[in-house]
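The data block below is entry-v3.pdb; it holds PDB, C-alpha atoms.
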```
MODEL        1
ATOM      1  CA  MET F  30      95.384 111.353  95.018
ATOM      2  CA  ALA F  31      97.220 113.119  92.173
ATOM      3  CA  VAL F  32      99.945 111.170  90.382
ATOM      4  CA  SER F  33     103.259 112.790  89.499
ATOM      5  CA  ALA F  34     106.350 111.342  87.811
ATOM      6  CA  GLY F  35     109.955 112.363  87.438
ATOM      7  CA  LEU F  36     113.519 111.394  86.677
ATOM      8  CA  LEU F  37     116.645 111.469  88.816
ATOM      9  CA  MET F  38     119.769 111.997  86.705
ATOM     10  CA  VAL F  39     122.868 110.425  88.249
ATOM     11  CA  ARG F  40     126.542 110.586  87.330
ATOM     12  CA  THR F  41     129.786 109.379  88.857
ATOM     13  CA  LEU F  42     132.591 111.878  89.360
ATOM     14  CA  GLY F  43     135.873 110.781  90.911
ATOM     15  CA  GLY F  44     134.267 107.493  91.936
ATOM     16  CA  MET F  45     131.502 109.291  93.882
ATOM     17  CA  PRO F  46     127.870 109.366  92.744
ATOM     18  CA  GLN F  47     126.211 112.723  92.217
ATOM     19  CA  PHE F  48     122.535 113.548  91.804
ATOM     20  CA  LEU F  49     121.016 116.347  89.748
ATOM     21  CA  LEU F  50     118.338 118.182  91.714
ATOM     22  CA  ALA F  51     116.122 121.095  90.711
ATOM     23  CA  HIS F  52     115.068 124.161  92.692
ATOM     24  CA  PRO F  53     111.493 125.359  92.083
ATOM     25  CA  GLY F  54     111.158 128.819  90.592
ATOM     26  CA  GLY F  55     108.830 131.603  91.593
ATOM     27  CA  PRO F  56     108.420 133.987  94.470
ATOM     28  CA  PHE F  57     107.265 131.421  97.022
ATOM     29  CA  PHE F  58     110.559 129.484  96.808
ATOM     30  CA  ALA F  59     112.913 132.415  96.202
ATOM     31  CA  LYS F  60     114.349 132.336  99.734
ATOM     32  CA  LYS F  61     113.936 128.616 100.390
ATOM     33  CA  ASP F  62     116.878 126.310  99.845
ATOM     34  CA  ALA F  63     117.756 123.211 101.895
ATOM     35  CA  GLY F  64     114.862 120.763 102.003
ATOM     36  CA  HIS F  65     113.090 122.338  99.021
ATOM     37  CA  TRP F  66     114.939 120.889  96.005
ATOM     38  CA  SER F  67     113.340 118.075  94.008
ATOM     39  CA  ILE F  68     113.771 115.691  91.143
ATOM     40  CA  PRO F  69     112.370 117.248  87.941
ATOM     41  CA  LYS F  70     108.784 115.973  87.951
ATOM     42  CA  GLY F  71     105.188 116.832  87.211
ATOM     43  CA  LEU F  72     101.653 115.575  86.906
ATOM     44  CA  VAL F  73     100.775 112.586  84.762
ATOM     45  CA  GLU F  74      98.214 113.526  82.091
ATOM     46  CA  PRO F  75      95.057 111.367  81.703
ATOM     47  CA  GLY F  76      95.867 108.302  79.597
ATOM     48  CA  GLU F  77      99.622 108.985  79.710
ATOM     49  CA  ALA F  78     102.016 106.229  80.769
ATOM     50  CA  VAL F  79     103.774 107.164  84.007
ATOM     51  CA  LEU F  80     107.307 106.739  82.611
ATOM     52  CA  ASP F  81     106.357 108.764  79.526
ATOM     53  CA  ALA F  82     105.167 111.542  81.835
ATOM     54  CA  ALA F  83     108.456 111.429  83.769
ATOM     55  CA  ILE F  84     110.447 111.791  80.544
ATOM     56  CA  ARG F  85     108.206 114.608  79.272
ATOM     57  CA  GLU F  86     108.379 116.503  82.551
ATOM     58  CA  PHE F  87     112.169 116.190  82.724
ATOM     59  CA  ARG F  88     112.445 117.550  79.177
ATOM     60  CA  GLU F  89     110.014 120.436  79.844
ATOM     61  CA  GLU F  90     111.516 121.442  83.179
ATOM     62  CA  THR F  91     115.196 121.239  82.204
ATOM     63  CA  GLY F  92     115.402 121.565  78.427
ATOM     64  CA  TRP F  93     117.589 118.432  78.349
ATOM     65  CA  GLU F  94     116.817 115.205  76.511
ATOM     66  CA  PRO F  95     116.957 112.247  78.924
ATOM     67  CA  THR F  96     118.200 108.900  77.645
ATOM     68  CA  GLY F  97     117.577 105.515  79.198
ATOM     69  CA  PRO F  98     117.750 102.914  80.297
ATOM     70  CA  TYR F  99     115.638 103.988  83.261
ATOM     71  CA  GLN F 100     115.862 102.289  86.653
ATOM     72  CA  PRO F 101     112.557 102.287  88.574
ATOM     73  CA  LEU F 102     112.809 103.873  92.029
ATOM     74  CA  ASP F 103     109.216 103.023  92.990
ATOM     75  CA  PHE F 104     107.135 105.866  94.478
ATOM     76  CA  VAL F 105     106.719 108.080  97.527
ATOM     77  CA  ASP F 106     103.634 109.825  98.844
ATOM     78  CA  GLN F 107     104.179 113.551  99.069
ATOM     79  CA  ARG F 108     101.492 115.995 100.230
ATOM     80  CA  ARG F 109      98.330 114.734  98.539
ATOM     81  CA  LYS F 110     100.183 113.210  95.576
ATOM     82  CA  ARG F 111     102.009 110.027  94.701
ATOM     83  CA  VAL F 112     105.372 110.647  93.011
ATOM     84  CA  HIS F 113     106.884 107.898  90.826
ATOM     85  CA  ALA F 114     110.556 108.135  89.893
ATOM     86  CA  TRP F 115     113.214 106.542  87.741
ATOM     87  CA  ALA F 116     116.978 107.005  87.821
ATOM     88  CA  PHE F 117     119.149 107.220  84.738
ATOM     89  CA  GLU F 118     122.785 107.926  84.046
ATOM     90  CA  GLY F 119     123.568 111.176  82.296
ATOM     91  CA  ASP F 120     125.368 114.460  82.523
ATOM     92  CA  ALA F 121     124.282 118.046  82.022
ATOM     93  CA  ASP F 122     125.688 121.476  82.706
ATOM     94  CA  PRO F 123     123.320 123.233  85.134
ATOM     95  CA  ALA F 124     124.212 126.553  83.458
ATOM     96  CA  THR F 125     122.333 125.352  80.342
ATOM     97  CA  LEU F 126     119.025 124.753  82.191
ATOM     98  CA  ARG F 127     116.044 125.970  80.137
ATOM     99  CA  SER F 128     112.836 125.467  82.101
ATOM    100  CA  ASN F 129     109.315 125.948  80.837
ATOM    101  CA  PRO F 130     107.507 129.038  82.173
ATOM    102  CA  VAL F 131     104.530 128.932  84.526
ATOM    103  CA  GLU F 132     102.126 131.700  85.466
ATOM    104  CA  ILE F 133     100.519 132.357  88.843
ATOM    105  CA  GLU F 134      98.711 135.144  90.609
ATOM    106  CA  TRP F 135     101.246 136.961  92.812
ATOM    107  CA  PRO F 136     100.830 138.204  95.418
ATOM    108  CA  PRO F 137      97.829 135.962  96.139
ATOM    109  CA  ARG F 138      94.430 137.600  95.512
ATOM    110  CA  SER F 139      96.148 140.629  93.906
ATOM    111  CA  GLY F 140      94.826 140.001  90.395
ATOM    112  CA  ARG F 141      98.394 140.393  89.105
ATOM    113  CA  ARG F 142      99.751 137.507  86.962
ATOM    114  CA  VAL F 143     103.475 136.728  87.092
ATOM    115  CA  ARG F 144     105.468 134.383  84.814
ATOM    116  CA  PHE F 145     108.603 132.624  85.963
ATOM    117  CA  PRO F 146     110.543 129.443  85.131
ATOM    118  CA  GLU F 147     109.133 126.329  86.780
ATOM    119  CA  ILE F 148     112.711 125.470  87.818
ATOM    120  CA  ASP F 149     115.020 128.401  88.455
ATOM    121  CA  ARG F 150     118.220 126.394  88.885
ATOM    122  CA  ALA F 151     119.655 122.900  88.965
ATOM    123  CA  ALA F 152     122.795 121.565  90.605
ATOM    124  CA  TRP F 153     124.776 118.389  91.173
ATOM    125  CA  PHE F 154     125.029 117.147  94.755
ATOM    126  CA  ASP F 155     126.949 114.324  96.394
ATOM    127  CA  PRO F 156     124.780 111.895  98.410
ATOM    128  CA  ILE F 157     125.155 113.726 101.733
ATOM    129  CA  ALA F 158     124.430 117.169 100.290
ATOM    130  CA  ALA F 159     121.579 115.800  98.148
ATOM    131  CA  THR F 160     119.940 114.317 101.251
ATOM    132  CA  ALA F 161     120.038 117.733 102.930
ATOM    133  CA  MET F 162     118.763 119.624  99.871
ATOM    134  CA  ILE F 163     115.959 117.376  98.571
ATOM    135  CA  LEU F 164     112.409 117.474  99.915
ATOM    136  CA  PRO F 165     112.305 115.058 102.869
ATOM    137  CA  ALA F 166     109.535 113.008 101.230
ATOM    138  CA  GLN F 167     111.811 112.366  98.216
ATOM    139  CA  GLN F 168     114.857 111.212 100.211
ATOM    140  CA  PRO F 169     113.962 107.523  99.597
ATOM    141  CA  PHE F 170     114.656 108.078  95.881
ATOM    142  CA  LEU F 171     118.273 108.912  96.734
ATOM    143  CA  LEU F 172     118.637 105.811  98.909
ATOM    144  CA  ARG F 173     117.114 103.584  96.223
ATOM    145  CA  ALA F 174     119.371 105.103  93.548
ATOM    146  CA  MET F 175     122.422 104.506  95.781
ATOM    147  CA  ALA F 176     121.384 100.855  96.231
ATOM    148  CA  TRP F 177     120.974 100.501  92.448
ATOM    149  CA  LEU F 178     124.422 101.988  91.817
ATOM    150  CA  ALA F 179     126.010  99.802  94.501
ATOM    151  CA  ALA F 180     124.390  96.630  93.099
ATOM    152  CA  ARG F 181     125.883  97.366  89.681
ATOM    153  CA  GLY F 182     129.342  97.492  91.225
TER     154      GLY F 182
ENDMDL
END
```
Whole structure given in structure tokens:
Amino acid sequence: MAVSAGLLMVRTLGGMPQFLLAHPGGPFFAKKDAGHWSIPKGLVEPGEAVLDAAIREFREETGWEPTGPYQPLDFVDQRRKRVHAWAFEGDADPATLRSNPVEIEWPPRSGRRVRFPEIDRAAWFDPIAATAMILPAQQPFLLRAMAWLAARG
């Protein structure tokens, strides 16, 4: 099973928590919205610490520098991979997103290579909206982050 790691940025606005989620770029996801957003995440490289991978992936996929402390959110199993996550408090303007490019063959078996940003947009969501927008397999991260925020008072 592949291992992936990511970070969930959280902020409080008007006393209400908000979560920063990312929408995958590329032609496959162009018309997909609710249920397709994710935490910024990616594969853990051989020999790389899982938290280090989460920080690296967040930086590569958003262009923002995350700062701890990081609250472990455990892991979920998502389509042939295990995704580890951490929450951290921060703030970022989604308009400043600068994602790393990826290249795929598109359309499939066409021989044509297309480059696009790995994440095409990011947005802040309140807990209810975030639950509707995030991949269903990643919904536990939102619940665990809410419990962490509630425990802190």
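Comparing the minimum interatomic distances between F:Arg88 and each of F:Gln100, F:Asn129, F:Gln167, F:Ser67, counting all atoms listed in the file, we find that F:Asn129 sits nearest.
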Coordinates-based distance that separates atom CA of F:Ile163 from atom CA of F:Ser128 (Å, one decimal):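 Separation between atom CA of F:Ser128 and atom CA of F:Ile163: 18.6 Å.
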What lies within 12 Å of F:Phe57 using all atoms listed in the file, ignoring chain neighbours under 2 positions off, as a short mmCIF file (atom, residue, chain, number, x, y, z; two decimals) with C-alpha atoms, in the coordinates of the input?
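Result file is part15.cif:
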```cif
data_model
loop_
_atom_site.label_atom_id
_atom_site.label_comp_id
_atom_site.auth_asym_id
_atom_site.auth_seq_id
_atom_site.Cartn_x
_atom_site.Cartn_y
_atom_site.Cartn_z
CA HIS F 52 115.07 124.16 92.69
CA PRO F 53 111.49 125.36 92.08
CA GLY F 54 111.16 128.82 90.59
CA GLY F 55 108.83 131.60 91.59
CA ALA F 59 112.91 132.42 96.20
CA LYS F 60 114.35 132.34 99.73
CA LYS F 61 113.94 128.62 100.39
CA ASP F 62 116.88 126.31 99.84
CA HIS F 65 113.09 122.34 99.02
CA ILE F 133 100.52 132.36 88.84
CA GLU F 134 98.71 135.14 90.61
CA TRP F 135 101.25 136.96 92.81
CA PRO F 136 100.83 138.20 95.42
CA PRO F 137 97.83 135.96 96.14
CA VAL F 143 103.48 136.73 87.09
CA PHE F 145 108.60 132.62 85.96
CA GLU F 147 109.13 126.33 86.78
CA ASP F 149 115.02 128.40 88.46
#
```
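Residues selected in this file by the PyMOL selection byres ((chain F and resi 160) around 10) comprise F:Phe48, F:Ala63, F:Gly64, F:Trp66, F:Phe154, F:Asp155, F:Pro156, F:Ile157, F:Ala158, F:Ala159, F:Ala161, F:Met162, F:Ile163, F:Leu164, F:Pro165, F:Gln167, F:Gln168, F:Pro169, F:Phe170, F:Leu171, F:Leu172.
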Starting from the PyMOL selection byres ((chain F and resi 177-181) around 9), expand the selection into actual residues of this file and give them as an NGL selection string. :F and (46 or 100 or 102 or 116 or 172-176 or 182)
